[in-house]
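S.K.: Let me give you the structure first, and then I'll get to my questions.
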Amino acid sequence: MIVPMSHILAISATMFLMGFACVLAQRNLIMVLIGVEIMLNAVGLTLVGASALWEQVDGQIFVIFLMAMTSAEVSISLALVVYLNRRKHTLEADAFSEMKG
Amino acid sequence: MNPLLLFLILLFPLAAAVVNALLGTRLPRGAVVATAVGGVALSALASFLLWPLAAGEGTRATLYTWMASGDFSAAVEIVYDRISAPMALMVTFVATLIHLYAAGYMEEEKDYARFFALLNLFVFAMLVIVLSDNLLLLFLGWEGVGFCSYGLIGFWYFEERNADAGRKAFLVTRVGDVFLGVALLWLFALTGTLSISQINEAAAGFAPGTLFLLSLLLLGGACGKSAQLPFMTWLPDAMAGPTPVSALIHAATMVTAGVYLLCRLFPLVSLSPEAMAVIALVGVATALYAATCAAAQREIKRVLAYSTMSQVGFMFLAVGIGSVSAALFHLFTHAFFKALLFMGAGCVIHMTAGENDIYRMGGLARRDRLLFWCFLIGALCLAGAPLTSGFFSKDGILVTAFASEVPLHRFLWGAGSFIALLTAFYTFRLLYLVFLGAEKRPVGAHRHHLPGVMRWTLVPLAALALLGGLFDLPPLYGGGHALREWLGPLAGIGPHLPHAVEWLLAGVATSIFLLGWVFAHLRYRIAPAPGESLGARFLLSGWWADRAVYTVVVRPFGSLARFFWKVADGRLIDGSLHTLAEGSNVLGEGLRRLTTGRLHNYLTALGWGGVVMLAWFLAGYLL
Amino acid sequence: MATIIFYILAMTALAATGMCITRRNPVHAVIYLVNSLFAVALIFYLLGAPLVAAWEVIIYAGAVMVLFLFIIMMLELAPTEQPQGAGWRRWAPVLLFSLIILGCTVALMAVDPDAAEGVPTYYASPRIFGYTLFQEYALAVQIVSFQLLYAAVGAYYVGRTPRRRQEAG
C-alpha cells in the first residue's frame with residue numbers, strides 16, 4: 001500500500017458526501033443523476049482500495065460489476081429524463097410531485 | 001343369509017325418497033304413490049324375511065367405514081338383533097299402512113311429491129335410528145327424523161302458523177339433541193368408540209357420577225325427541241301437519257325414538273339407580289301433565305297429541321323401573337292403536353270437511369259404522385279396556401312397578417294408576433263428543449267423500465291393536481311373555497308376584513277403566529258446552545307451558561340477544577371498530593403530509609436514516 | 001513518489017468534484033466530473049488496478065459522460081445566455097485540473113516507462129482478473145449481462161415516442 005487505507009476511505013467518503021450533497025441540493029434532474037454518479041464512483045474507489053489492502057482481485061471485479069450496473073442505471077434514468085421532459089417540458093424535480101398524499 | 005341384505009331395509013325407502021324427490025314432479029300421481037308405498041312395503045317385507053338373522057346375538061353388517069381420523073372411526077354399521085328387529089318390523093309395517101292411508105288422505109293435494117319424498121325419507125331416517133349399531137350413525141338418523149318432522153309439520157307452509165309449528169318442533173328438539181351430542185362426545189372420550197355394543201360393555205367400568213350424568217344427558221336427548229318434560233311443548237303444535245304425518249311421526253315412530261334410545265343403551269343407563277329414578281319420575285310427571293291437558297283439549301288431534309305424550313311417559317316409566325320389555329311392549333301396542341286413532345281422527349276431519357273442534361262434532365257413529373268401530377277399538381286400547389293390547393301393555397308396566405322392591409316404585413304405581421284413570425276419562429270424552437250424541441252440524445251439508453283406502457287401512461291396525469296383547473301375554477292369561485322371552489337377557493326386570501296379587505291388580509286396572517268411563521259418561525253423554533273456567537283454560541293451554549317457556553326462556557333470551565345486538569355488538573364491537581377506523585383515518589390524515597411527493601424530501605429522509613444508522617454503529621464502536 | 005502523486009490526484013479529484021457539484025450549467029458539471037473521473041482512474045492505477053483504471057476512462061468518462069452530454073444537448077438544457085466574466089477565468093479550473101492530471105501521468109510514465117510493475121504494491125494482472133471474473137463470477141457476469149439487456153429494452157420502451165399522444169398533440 002502506498003498510502004494508508006484510512007486516507008483512501010477519507011477521500012472516497014468525502015466524494016460520496018459531495019455526491020449526496022449534489023443530489024440533495026440540486027433541483028435539476030440531470031444534476032441529481034450526476035450526483036448519483038459521483039457517489040457510485042466513490043464507492044468504486046473504496047472497493048479498489050480494499051482490493052489493494054487485502055491483495056484480492058475480487059474488489060476490482062466488483063468495480064467492474066458496479067460499472068455495468070451504472071451503465072444500465074444511467075441508460076434507464078436518462079430515458080426517464082427524456083420521458084419526463086417530454087411530459088412537462090421541465091426537469092425541475094419538484095415539478096413531479098404527483099405522488100403527494 | 002348374507003348380512004349385507006339387511007341394508008335392503010334401509011335402501012328401499014331411501015331409493016323411493018330419492019326418486020320422488022328428484023323425479024316426483026314429473027311422474028304421474030299414481031307412480032309417485034306407488035313408489036312411496038312400494039318402497040316402504042318392500043322394506044317391511046325385507047324386515048320380515050330377514051327375521052331369522054335377528055335370532056340369538058343378532059347380526060351385524062358393515063357397509064363401509066364412514067369416517068376415520070386417528071383413533072376415531074365410525075362405520076356405517078347396522079345391527080339386527082332382538083331389540084332392533086321387532087322395532088324395524090313395527091316401523092316399516094305401520095309406515096306401510098300409513099303410506100297407503102296417506103295416498104287417500106292426500107288425494108287432493110297438489111304437492112304430493114314433496115309429501116311422499118319427505119315421508120319416505122323419514123322412514124329411512126327412522127330405520128337408521130333403529131338399526132344403527134353406531135351412535136354417530138344413530139345421531140344422523142336422529143337429526144334426519146328431526147328434519148323430516150320439521151318439513152312435514154310445516155308442510156302447508158303457506159300458513160304462518162304451520163311454518164311456526166315446524167320451526168318450534170325443530171328448535172325445541174334441537175335443545176334435546178344438544179344433550180345427546182354432548183353425551184356422544186363424552187362417551188367417545190371415555191371409551192374411544194361410538195359403537196353401542198362396545199359402549200354397553202364398557203359401561204360397567206364408569207364411575208357412578210359419570211354414569212349418572214351420562215344417563216341424564218341421554219335422557220335429555222330422549223326427552224327432546226319424545227316430547228317429555230320439559231321439552232314437551234312442540235308436540236301439540238306439531239299437529240299442524242297433515243294427519244298421516246301425525247300418525248306416523250308424532251304417534252307411532254319418532255316420538256318413541258327416545259324410548260328406543262334408552263332401551264338400546266339400557267345396560268349403561270341401568271347401572272345408575274339415581275338416573276333410573278329420574279327417568280321414571282320424568283315419565284310419570286309427563287304422563288300426568290299430558291293426561292290432564294288431554295282432558296281439556298278441544299281439537300281432536302291435540303287430544304291425541306297429549307295422549308301420545310302421556311303414553312310415551314308411561315314408556316319412560318317402564319324404562320325407569322328397569323323393564324325394557326314392558327317399555328317396548330307398550331311402544332308396539334301404542335304404535336298400533338295410536339296410529340289407528342290418528343288415522344281415524346284424519347277420517348273424522350276429512351268427513352267433516354276440516355272441522356277440528358270436538359265440540360262441534362258428534363253423532364258420527366251413525367254416519368260411518370266401520371270408522372266408528374275401528375276408532376272404538378283404538379280408544380278402548382288407549383283407555384286400557386280389559387283384554388285389549390293397551391290393557392296388557394299398560395298393566396304390564398304398572399304391575400312391574402308394583403312388584404318392584406324399590407319404595408319409590410310403589411308410589412309410581414299409584415301415580416300411574418291415577419293417570420290411567422285420567423286416560424280412560426279423556427278417551428271416552430273424545431269418543432262421546434265425536435261419535436255419540438247428536439250431530440251438531442246439518443246433516444249432509446258438509447258430507448264429504450271418504451276414500452276407501454283410508455277406511456280399509458284402519459282394519460288391519462284395528463286388528464293388531466285388539467290382538468296386540470298376544471305378543472307379550474302374561475302367564476296369568478295363559479300367555480308366555482313372548483316378547484320377554486324373545487328379548488332374553490335384554491329384557492330387564494320382570495314382575496314376580498303371586499297370581500292372587502296379579503288378579504287383584506288386574507281387577508284394580510279394570511275398575512279404574514270402568515271408573516273413567518263412568519265419569520266420562522256422566523259428564524259427556526249429553527254433550528255439554530266447552531268449559532270456560534280458569535281451570536279449563538289452564539289445561540287447554542297445556543298448563544300455560546308455552547307462556548312459561550316464553551317468559552322463562554324466550555324473553556330473557558330475546559333481551560340478552562338485544563343486549564348483545566345493541567350494546568355488545570353495536571357499541572362495543574362496532575364502536576371500537578369505528579373508533580379504530582376513525583383513529584386510523586386521523587393518523588393517516590396526519591401522516592399523509594409526510595408524503596409530499598417531492599423527491600428531495602424523500603432523499604433527505606434517506607440521508608437522515610443513514611446518519612442515524614452511522615451514529616448507532618459509531619455509538620456501538622465507541623461505547 | 002507514488003504517494004505524493006496519489007495525494008496530488010486525490011486533491012485534484014476532490015476539487016474537480018467540488019466544482020462539478022456547484023455548477024448550475026450541466027455541461028460544465030459534466031466536464032468537471034470527467035476531470036474527476038480521470039483523476040480517480042489514475043488513483044486506481046496507483047492502487048494496482050490498471051484494468052479498472054482503463055475501464056473507468058473508457059466506460060465512465062467515455063461512454064456514460066458522453067451520454068449525459070448527448071442528452072443535455074438533445075433536451076437543450078444548457079443555459080443559452082452568455083455567462084459573465086472573462087473566458088480564461090471560466091476555463092482556468094478545468095485547464096488546471098487537466099494539466100495536473102496530465103503531469104501526474106507523465107510523471108508516472110517517467111518513473112516506470114514500461115508500466116509493467118506500476119508501483120510497488122499489489123498488482124492484479126489482467127490474466128488473474130480474467131480468470132477470476134469468468135470462472136468464479138461467471139454467474140454474476142451472466143446476470144449482469146441480462147441486466148444490461150433489460151436496461152437497453154427498458155430504455156427503448158421508456159424513451160419511445162408514443163404514437164397516440166403524438167397524434168393527439
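Chains: A, B, ... in order of the C-alpha cells. Residues: from 1 per chain. Ligands: from 1, in order shown.
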B:Val19: which residues within 12 Å, counting only C-alpha atoms, same-chain residues fewer than 6 positions away excluded, as a list in words?
M.R.: Leu11, Phe12, Pro13, Thr25, Arg26, Leu27, Ala31, Val32, Val33, Ala34, Thr35, Ala36, Gly38, Gly39, Ala113, Arg114, Phe116, Ala117, Leu118, Asn120 and Leu121 of chain B
S.K.: Per DSSP on the backbone, what are the alpha helix (DSSP H) residues of stretch 1-95 of chain A, as a PyMOL selection string?
M.R.: chain A and resi 5-25+29-54+58-88
S.K.: Residues at most 9 Å from A:Ala50, counting only C-alpha atoms, excluding those fewer than 6 positions away in the same chain, as a list in words?
M.R.: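 Returned residues: Met5, Gln56, Gly59 and Gln60 of chain A.
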S.K.: Only all heavy atoms, please: the residues just picked out, written as a PDB file, in the first residue's frame.
M.R.:
ATOM      1  N   MET A   5      -4.884   2.947   4.305  1.00  0.00           N
ATOM      2  CA  MET A   5      -6.263   2.691   3.851  1.00  0.00           C
ATOM      3  C   MET A   5      -7.214   3.797   4.320  1.00  0.00           C
ATOM      4  O   MET A   5      -8.151   4.182   3.623  1.00  0.00           O
ATOM      5  CB  MET A   5      -6.733   1.348   4.407  1.00  0.00           C
ATOM      6  CG  MET A   5      -8.097   0.906   3.917  1.00  0.00           C
ATOM      7  SD  MET A   5      -8.136   0.675   2.129  1.00  0.00           S
ATOM      8  CE  MET A   5      -9.893   0.515   1.863  1.00  0.00           C
ATOM      9  N   GLN A  56      -6.561  -8.880  -2.869  1.00  0.00           N
ATOM     10  CA  GLN A  56      -7.510  -9.799  -3.505  1.00  0.00           C
ATOM     11  C   GLN A  56      -8.070  -9.102  -4.731  1.00  0.00           C
ATOM     12  O   GLN A  56      -8.313  -7.894  -4.702  1.00  0.00           O
ATOM     13  CB  GLN A  56      -8.676 -10.121  -2.568  1.00  0.00           C
ATOM     14  CG  GLN A  56      -8.291 -10.821  -1.303  1.00  0.00           C
ATOM     15  CD  GLN A  56      -8.166 -12.324  -1.503  1.00  0.00           C
ATOM     16  OE1 GLN A  56      -8.943 -12.890  -2.263  1.00  0.00           O
ATOM     17  NE2 GLN A  56      -7.191 -12.944  -0.888  1.00  0.00           N
ATOM     18  N   GLY A  59     -12.333  -7.262  -5.216  1.00  0.00           N
ATOM     19  CA  GLY A  59     -12.809  -5.880  -5.115  1.00  0.00           C
ATOM     20  C   GLY A  59     -12.850  -5.219  -6.473  1.00  0.00           C
ATOM     21  O   GLY A  59     -13.825  -4.544  -6.828  1.00  0.00           O
ATOM     22  N   GLN A  60     -11.818  -5.462  -7.264  1.00  0.00           N
ATOM     23  CA  GLN A  60     -11.782  -4.857  -8.599  1.00  0.00           C
ATOM     24  C   GLN A  60     -12.895  -5.415  -9.477  1.00  0.00           C
ATOM     25  O   GLN A  60     -13.519  -4.696 -10.258  1.00  0.00           O
ATOM     26  CB  GLN A  60     -10.418  -5.119  -9.231  1.00  0.00           C
ATOM     27  CG  GLN A  60      -9.302  -4.500  -8.416  1.00  0.00           C
ATOM     28  CD  GLN A  60      -7.953  -4.713  -9.059  1.00  0.00           C
ATOM     29  OE1 GLN A  60      -7.875  -5.080 -10.233  1.00  0.00           O
ATOM     30  NE2 GLN A  60      -6.902  -4.475  -8.301  1.00  0.00           N
TER      31      GLN A  60
END
S.K.: When you look at C:Leu46 with a cut-off of 12 Å (counting only C-alpha atoms), what residues show up, excluding the ones that are within fewer than 6 positions of it in the same chain? I need them as a PDB file with N, CA, C and O atoms, in the first residue's frame.
M.R.:
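Generated file (part-v1.pdb):
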ATOM      1  N   MET A   1       0.841  -1.206   0.000  1.00  0.00           N
ATOM      2  CA  MET A   1       0.000   0.000   0.000  1.00  0.00           C
ATOM      3  C   MET A   1       0.870   1.247   0.000  1.00  0.00           C
ATOM      4  O   MET A   1       1.796   1.371   0.800  1.00  0.00           O
ATOM      5  N   ILE A   2       0.557   2.104  -0.928  1.00  0.00           N
ATOM      6  CA  ILE A   2       1.345   3.319  -0.989  1.00  0.00           C
ATOM      7  C   ILE A   2       0.854   4.356  -0.003  1.00  0.00           C
ATOM      8  O   ILE A   2       1.599   5.247   0.390  1.00  0.00           O
ATOM      9  N   VAL A   3      -0.430   4.247   0.359  1.00  0.00           N
ATOM     10  CA  VAL A   3      -0.989   5.166   1.358  1.00  0.00           C
ATOM     11  C   VAL A   3      -1.795   4.354   2.348  1.00  0.00           C
ATOM     12  O   VAL A   3      -2.212   3.241   2.031  1.00  0.00           O
ATOM     13  N   ILE A   8      -7.550   6.595   1.893  1.00  0.00           N
ATOM     14  CA  ILE A   8      -8.412   6.266   0.753  1.00  0.00           C
ATOM     15  C   ILE A   8      -9.880   6.375   1.168  1.00  0.00           C
ATOM     16  O   ILE A   8     -10.714   6.954   0.473  1.00  0.00           O
ATOM     17  N   LEU A  45     -14.038   3.622  -5.684  1.00  0.00           N
ATOM     18  CA  LEU A  45     -12.719   3.928  -5.129  1.00  0.00           C
ATOM     19  C   LEU A  45     -12.475   3.120  -3.861  1.00  0.00           C
ATOM     20  O   LEU A  45     -11.408   2.538  -3.670  1.00  0.00           O
ATOM     21  N   VAL A  48     -11.693  -0.544  -4.808  1.00  0.00           N
ATOM     22  CA  VAL A  48     -10.337  -0.755  -5.313  1.00  0.00           C
ATOM     23  C   VAL A  48      -9.320  -0.648  -4.184  1.00  0.00           C
ATOM     24  O   VAL A  48      -8.368  -1.438  -4.093  1.00  0.00           O
ATOM     25  N   GLY A  49      -9.561   0.304  -3.283  1.00  0.00           N
ATOM     26  CA  GLY A  49      -8.665   0.432  -2.142  1.00  0.00           C
ATOM     27  C   GLY A  49      -8.672  -0.829  -1.302  1.00  0.00           C
ATOM     28  O   GLY A  49      -7.614  -1.341  -0.901  1.00  0.00           O
ATOM     29  N   ALA A  52      -6.708  -3.531  -2.904  1.00  0.00           N
ATOM     30  CA  ALA A  52      -5.274  -3.373  -2.700  1.00  0.00           C
ATOM     31  C   ALA A  52      -4.888  -3.724  -1.281  1.00  0.00           C
ATOM     32  O   ALA A  52      -3.836  -4.309  -1.050  1.00  0.00           O
TER      33      ALA A  52
ATOM     34  N   MET C   1       7.391   8.710  -4.136  1.00  0.00           N
ATOM     35  CA  MET C   1       6.947   9.325  -5.394  1.00  0.00           C
ATOM     36  C   MET C   1       5.470   9.047  -5.663  1.00  0.00           C
ATOM     37  O   MET C   1       4.643   9.928  -5.832  1.00  0.00           O
ATOM     38  N   ALA C   2       5.125   7.729  -5.643  1.00  0.00           N
ATOM     39  CA  ALA C   2       3.722   7.337  -5.895  1.00  0.00           C
ATOM     40  C   ALA C   2       2.799   7.930  -4.841  1.00  0.00           C
ATOM     41  O   ALA C   2       1.688   8.365  -5.141  1.00  0.00           O
ATOM     42  N   THR C   3       3.313   7.989  -3.623  1.00  0.00           N
ATOM     43  CA  THR C   3       2.474   8.520  -2.556  1.00  0.00           C
ATOM     44  C   THR C   3       2.162   9.979  -2.803  1.00  0.00           C
ATOM     45  O   THR C   3       1.005  10.411  -2.672  1.00  0.00           O
ATOM     46  N   ILE C   4       3.174  10.730  -3.213  1.00  0.00           N
ATOM     47  CA  ILE C   4       2.946  12.152  -3.478  1.00  0.00           C
ATOM     48  C   ILE C   4       1.946  12.305  -4.603  1.00  0.00           C
ATOM     49  O   ILE C   4       0.979  13.072  -4.516  1.00  0.00           O
ATOM     50  N   ILE C   5       2.161  11.546  -5.680  1.00  0.00           N
ATOM     51  CA  ILE C   5       1.244  11.630  -6.822  1.00  0.00           C
ATOM     52  C   ILE C   5      -0.176  11.291  -6.369  1.00  0.00           C
ATOM     53  O   ILE C   5      -1.156  11.920  -6.764  1.00  0.00           O
ATOM     54  N   PHE C   6      -0.278  10.274  -5.507  1.00  0.00           N
ATOM     55  CA  PHE C   6      -1.606   9.882  -5.007  1.00  0.00           C
ATOM     56  C   PHE C   6      -2.315  11.071  -4.359  1.00  0.00           C
ATOM     57  O   PHE C   6      -3.470  11.371  -4.655  1.00  0.00           O
ATOM     58  N   TYR C   7      -1.592  11.759  -3.475  1.00  0.00           N
ATOM     59  CA  TYR C   7      -2.263  12.846  -2.764  1.00  0.00           C
ATOM     60  C   TYR C   7      -2.612  13.975  -3.703  1.00  0.00           C
ATOM     61  O   TYR C   7      -3.680  14.571  -3.612  1.00  0.00           O
ATOM     62  N   LEU C   9      -3.332  13.699  -6.860  1.00  0.00           N
ATOM     63  CA  LEU C   9      -4.505  13.266  -7.634  1.00  0.00           C
ATOM     64  C   LEU C   9      -5.775  13.310  -6.781  1.00  0.00           C
ATOM     65  O   LEU C   9      -6.847  13.713  -7.239  1.00  0.00           O
ATOM     66  N   ALA C  10      -5.604  12.898  -5.527  1.00  0.00           N
ATOM     67  CA  ALA C  10      -6.783  12.891  -4.646  1.00  0.00           C
ATOM     68  C   ALA C  10      -7.317  14.300  -4.485  1.00  0.00           C
ATOM     69  O   ALA C  10      -8.536  14.534  -4.611  1.00  0.00           O
ATOM     70  N   ALA C  39      -8.872  11.671 -12.731  1.00  0.00           N
ATOM     71  CA  ALA C  39      -8.021  11.608 -11.549  1.00  0.00           C
ATOM     72  C   ALA C  39      -8.228  10.299 -10.807  1.00  0.00           C
ATOM     73  O   ALA C  39      -7.271   9.623 -10.405  1.00  0.00           O
ATOM     74  N   VAL C  40      -9.472   9.894 -10.647  1.00  0.00           N
ATOM     75  CA  VAL C  40      -9.764   8.640  -9.928  1.00  0.00           C
ATOM     76  C   VAL C  40      -9.192   7.458 -10.693  1.00  0.00           C
ATOM     77  O   VAL C  40      -8.679   6.499 -10.099  1.00  0.00           O
ATOM     78  N   VAL C  52      -9.062  -1.779 -14.304  1.00  0.00           N
ATOM     79  CA  VAL C  52     -10.197  -0.978 -13.842  1.00  0.00           C
ATOM     80  C   VAL C  52      -9.989   0.485 -14.205  1.00  0.00           C
ATOM     81  O   VAL C  52     -10.920   1.181 -14.612  1.00  0.00           O
ATOM     82  N   ALA C  53      -8.751   0.923 -14.114  1.00  0.00           N
ATOM     83  CA  ALA C  53      -8.457   2.309 -14.467  1.00  0.00           C
ATOM     84  C   ALA C  53      -8.798   2.555 -15.932  1.00  0.00           C
ATOM     85  O   ALA C  53      -9.430   3.559 -16.286  1.00  0.00           O
ATOM     86  N   CYS C 104       0.790  14.331 -13.782  1.00  0.00           N
ATOM     87  CA  CYS C 104       0.926  13.102 -12.985  1.00  0.00           C
ATOM     88  C   CYS C 104       1.138  11.903 -13.886  1.00  0.00           C
ATOM     89  O   CYS C 104       1.949  11.003 -13.607  1.00  0.00           O
ATOM     90  N   THR C 105       0.385  11.866 -15.002  1.00  0.00           N
ATOM     91  CA  THR C 105       0.513  10.755 -15.931  1.00  0.00           C
ATOM     92  C   THR C 105       1.932  10.694 -16.477  1.00  0.00           C
ATOM     93  O   THR C 105       2.569   9.618 -16.482  1.00  0.00           O
ATOM     94  N   LEU C 108       4.336   9.496 -13.868  1.00  0.00           N
ATOM     95  CA  LEU C 108       4.240   8.051 -13.675  1.00  0.00           C
ATOM     96  C   LEU C 108       4.956   7.324 -14.791  1.00  0.00           C
ATOM     97  O   LEU C 108       5.677   6.346 -14.573  1.00  0.00           O
ATOM     98  N   MET C 109       4.764   7.830 -16.044  1.00  0.00           N
ATOM     99  CA  MET C 109       5.409   7.170 -17.164  1.00  0.00           C
ATOM    100  C   MET C 109       6.930   7.314 -17.074  1.00  0.00           C
ATOM    101  O   MET C 109       7.667   6.398 -17.425  1.00  0.00           O
ATOM    102  N   ASP C 112       8.186   4.801 -14.492  1.00  0.00           N
ATOM    103  CA  ASP C 112       8.086   3.399 -14.878  1.00  0.00           C
ATOM    104  C   ASP C 112       7.742   3.323 -16.358  1.00  0.00           C
ATOM    105  O   ASP C 112       6.574   3.216 -16.732  1.00  0.00           O
ATOM    106  N   ALA C 115       5.552   0.556 -17.655  1.00  0.00           N
ATOM    107  CA  ALA C 115       4.275   0.418 -16.974  1.00  0.00           C
ATOM    108  C   ALA C 115       3.991  -1.030 -16.614  1.00  0.00           C
ATOM    109  O   ALA C 115       2.870  -1.517 -16.648  1.00  0.00           O
ATOM    110  N   GLU C 117       5.297  -2.914 -13.763  1.00  0.00           N
ATOM    111  CA  GLU C 117       5.003  -3.238 -12.381  1.00  0.00           C
ATOM    112  C   GLU C 117       4.145  -2.175 -11.714  1.00  0.00           C
ATOM    113  O   GLU C 117       3.656  -2.397 -10.620  1.00  0.00           O
ATOM    114  N   GLY C 118       4.013  -1.039 -12.424  1.00  0.00           N
ATOM    115  CA  GLY C 118       3.284   0.047 -11.792  1.00  0.00           C
ATOM    116  C   GLY C 118       4.045   0.529 -10.587  1.00  0.00           C
ATOM    117  O   GLY C 118       5.201   0.882 -10.657  1.00  0.00           O
ATOM    118  N   VAL C 119       3.426   0.492  -9.471  1.00  0.00           N
ATOM    119  CA  VAL C 119       4.071   0.915  -8.242  1.00  0.00           C
ATOM    120  C   VAL C 119       4.234  -0.302  -7.372  1.00  0.00           C
ATOM    121  O   VAL C 119       3.508  -1.286  -7.515  1.00  0.00           O
ATOM    122  N   PRO C 120       5.234  -0.229  -6.469  1.00  0.00           N
ATOM    123  CA  PRO C 120       5.496  -1.417  -5.647  1.00  0.00           C
ATOM    124  C   PRO C 120       4.361  -1.727  -4.670  1.00  0.00           C
ATOM    125  O   PRO C 120       4.411  -1.384  -3.509  1.00  0.00           O
ATOM    126  N   THR C 121       3.367  -2.328  -5.169  1.00  0.00           N
ATOM    127  CA  THR C 121       2.234  -2.716  -4.290  1.00  0.00           C
ATOM    128  C   THR C 121       1.522  -3.876  -4.955  1.00  0.00           C
ATOM    129  O   THR C 121       1.980  -4.421  -5.954  1.00  0.00           O
ATOM    130  N   TYR C 122       0.351  -4.232  -4.417  1.00  0.00           N
ATOM    131  CA  TYR C 122      -0.409  -5.341  -5.008  1.00  0.00           C
ATOM    132  C   TYR C 122      -0.794  -4.981  -6.423  1.00  0.00           C
ATOM    133  O   TYR C 122      -1.212  -3.859  -6.706  1.00  0.00           O
ATOM    134  N   TYR C 123      -0.667  -5.949  -7.308  1.00  0.00           N
ATOM    135  CA  TYR C 123      -0.952  -5.683  -8.709  1.00  0.00           C
ATOM    136  C   TYR C 123      -1.774  -6.839  -9.257  1.00  0.00           C
ATOM    137  O   TYR C 123      -1.343  -8.004  -9.223  1.00  0.00           O
ATOM    138  N   ALA C 124      -2.979  -6.520  -9.738  1.00  0.00           N
ATOM    139  CA  ALA C 124      -3.841  -7.569 -10.309  1.00  0.00           C
ATOM    140  C   ALA C 124      -3.630  -7.601 -11.808  1.00  0.00           C
ATOM    141  O   ALA C 124      -4.038  -6.682 -12.512  1.00  0.00           O
TER     142      ALA C 124
END
S.K.: Can you list, as a list in words, every protein, DNA or RNA residue that comes within 7 Å of B:Gly58 when you count only C-alpha atoms, leaving out same-chain residues fewer than 6 positions away?
M.R.: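 Residues near the query, excluding close chain neighbours: Val79, Tyr80, Asp81 and Arg82 of chain B.
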S.K.: Pull N, CA, C and O atoms from the residues just selected and write them as a tab-separated table (two decimals), in the first residue's frame.
M.R.:
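For reference, selection04.tsv as written:
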chain	number	residue	atom	x	y	z
B	79	VAL	N	-77.14	-53.26	13.01
B	79	VAL	CA	-77.30	-54.50	13.77
B	79	VAL	C	-78.78	-54.87	13.76
B	79	VAL	O	-79.66	-54.02	13.90
B	80	TYR	N	-79.01	-56.13	13.54
B	80	TYR	CA	-80.38	-56.64	13.51
B	80	TYR	C	-80.49	-57.63	14.64
B	80	TYR	O	-80.08	-58.79	14.51
B	81	ASP	N	-80.97	-57.18	15.77
B	81	ASP	CA	-80.98	-58.09	16.91
B	81	ASP	C	-82.34	-58.08	17.59
B	81	ASP	O	-83.33	-57.63	17.03
B	82	ARG	N	-82.35	-58.55	18.79
B	82	ARG	CA	-83.64	-58.77	19.46
B	82	ARG	C	-84.43	-57.48	19.64
B	82	ARG	O	-85.66	-57.53	19.69
S.K.: Enumerate as an MDAnalysis selection string the residues belonging to chain C that approach chain A to within 8 Å, with only C-alpha atoms taken into account.
M.R.: chainID C and resid 2:3 6 10 14 17:18 21:22 26 29:30 33 37 40 44 47:49 52 59:60 64 68 71:72 75 120:124 128:129 132:133 141 144 147:148 151:152 154:156 158:159
S.K.: Enumerate, in order of chain and increasing residue number, the residues of chain A with an atom no farther than 7 Å from chain B, each with its shortest atom pair and distance in Å to one decimal, counting only C-alpha atoms, as CSV.
M.R.:
residue,atom,partner,partner_atom,distance
A:Leu24,CA,B:His600,CA,6.0
A:Ala93,CA,B:Leu599,CA,6.5
A:Asp94,CA,B:Arg598,CA,5.5
A:Ser97,CA,B:Gly597,CA,4.3
A:Glu98,CA,B:Gly597,CA,6.0
A:Met99,CA,B:Gly597,CA,4.3
A:Lys100,CA,B:Gly597,CA,3.9
A:Gly101,CA,B:Arg592,CA,5.0
